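The structure appears below as structure tokens.
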Amino acid sequence: MTAHIIDGKAFAANLRSRIATQVSALKERGITPGLAVVLVGEDPASQVYVRSKGKMTVEVGMNSWQHKLPADTPEADLLALIDTLNNDPAVNGILVQLPLPGHMDESAVINSIAPEKDVDGFTLLNVGLLATGQKAMVPCTPLGCLMMLRDHLGSLSGKRAVVIGRSNIVGKPMAQLLLRDSATVTIAHSRTTDLEAICREADILVAAVGRAHFVKADWIKPGATVIDVGINRTDDGLVGDVDYAEAVKVAGAITPVPGGVGPMTIACLLANTLTATARANG
Ligand code: GUN
């Protein structure tokens with residue numbers, strides 16, 4: 001038996017097409033959703049992401065602004081730009097691409113974004129709203145993973161979920177979302193003892209460790225649903241955190257890399273921008 005391949009690319013295309021329909025309807029009311037992306041410095045991977053985000057934003061009919069600042073920009077200048085964007089009614093979503101250069105206080109910068117425009121869901125208010133089960137802006141990568149899980153499994157209630165990775169961007173919010181859907185959730189990480197045995201209990205296994213082919217096939221419970229968040233550049237090209245070629249023989253369903261979680265992340269950014277626009281316009 002080989003696993004069902006969860007086609008994130010097709011899922012994301014479908015989601016973007018539904019977003020485009022809703023953007024058209026808003027435009028008929030004279031409202032055009034707008035997303036501002038801020039990139040500080042010249043990190044090549046970040047440049048690729050930002051370009052891709054801008055292209056998709058325009059494709060669904062939204063306004064897109066890209067603010068590119070040099071790596072040595074003083075933090076005060078970045079905070080001033082964010083303040084301008086916070087106060088611009090045409091801007092519904094603000095994303096500051098991470099990582100920021102070392103001289104900047106990432107937390108101070110992120111928390112200067114108006115929470116209602118925080119389409120990344122990284123501000124303390126949105127983190128707290130998600131953790132307490134309230135109406136939050138939810139981080140895009142875990143939101144995309146949740147959508148694919150719900151689509152494939154239906155209810156997640158009572159399922160054993162293991163998230164490998166405890167980052168603020170993926171691991172922690174992913175765990176919160178799974179918990180909100182009544183899964184039984186374990187967060188595992190680099191210091192977890194007997195990681196393999198813990199993974200083998202998972203009906204849902206989310207790998208977000210950032211290490212190529214880290215999760216082996218014999219860590220996977222037969223029939224489990226495996227979500228691979230990893231994007232690792234290797235000599236063999238982009239690969240995930242899961243040893244896909246072997247895992248596909250054991251899992252019930254699995255996301256490929258590329259073509260799994262990645263496209264869903266950007267689609268969810270657009271979904272969050274639409275949500276922010278809808279909330280701003282009653
Ligand atoms: N860098 C890597 N992933 C992300 C993300 O989801 N949001 C932002 N702002 N920066 C990132």
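Following the order of the structure tokens, chains are lettered A, B, ..., residues in each are numbered from 1, and ligands are numbered from 1.
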
Can I get the residues close to ligand 1 as an MDAnalysis selection string, where close means within 7 Å and we count only C-alpha atoms and all ligand atoms?
chainID A and resid 46 95:99 120 139:141 169

Pick out the residues sitting within 10 Å of stretch 52-59 of chain A, and hand them over as number ranges by chain; count only C-alpha atoms, and ignore anything fewer than 6 positions along from it in its own chain.
A: 16-17, 20, 33-37, 46, 65-66, 263, 265-267, 269-270, 273

Tell me, which residues of stretch 137-173 of chain A carry DSSP helix (DSSP H, G or I), written as a PyMOL selection string?
chain A and resi 140-153+171-173

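Every protein or nucleic acid residue with an atom no more than 12 Å from A:Asp218, counting only C-alpha atoms and leaving out same-chain residues fewer than 3 positions away, appears here: Leu195, Glu196, Ala197, Ile198, Cys199, Arg200, Glu201, Phe214, Val215, Lys221, Pro222, Ala224, Val242, Asp243, Tyr244, Glu246, Ala247, Val248, Lys249, Val250 and Ala251 of chain A.
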
Need the shell around A:Gly240: protein/DNA/RNA residues with any atom at most 6 Å away, counting only C-alpha atoms. Skip same-chain ones fewer than 2 positions apart. Format as number ranges by chain?
A: 212, 230-232, 242, 257

Considering only C-alpha atoms, return as a list in words whatever protein or nucleic-acid residues lie within 9 Å of A:Asp7, sequence-local ones (same chain, fewer than 4 positions apart) excluded.
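My list of contacting residues is Phe11, Ala12, Met148, Ile254, Thr255, Pro256, Gly259, Gly260 and Val261 of chain A.
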
d(atom CA of A:Ser167, atom CA of A:Val91) in Å:
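Rounded to one decimal, the two atoms are 27.9 Å apart.
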
Nearest candidate to A:Ile6 (options A:Ile227, A:Ala71, A:Val170, A:Val185; using only C-alpha atoms):
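Answer, going by the shortest atom-to-atom distance: A:Ile227.
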
Nearest to A:Pro115: which of A:Lys135, A:Cys145, A:Ser190, A:Glu42 is it, counting only C-alpha atoms?
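Under the stated criterion, the closest residue is A:Lys135.
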
Write out as a PyMOL selection string each polymer residue whose atoms come within 8 Å of stretch 180-183 of chain A, counting only C-alpha atoms; drop sequence neighbours fewer than 2 positions from it.
chain A and resi 133+155-161+176-178+185
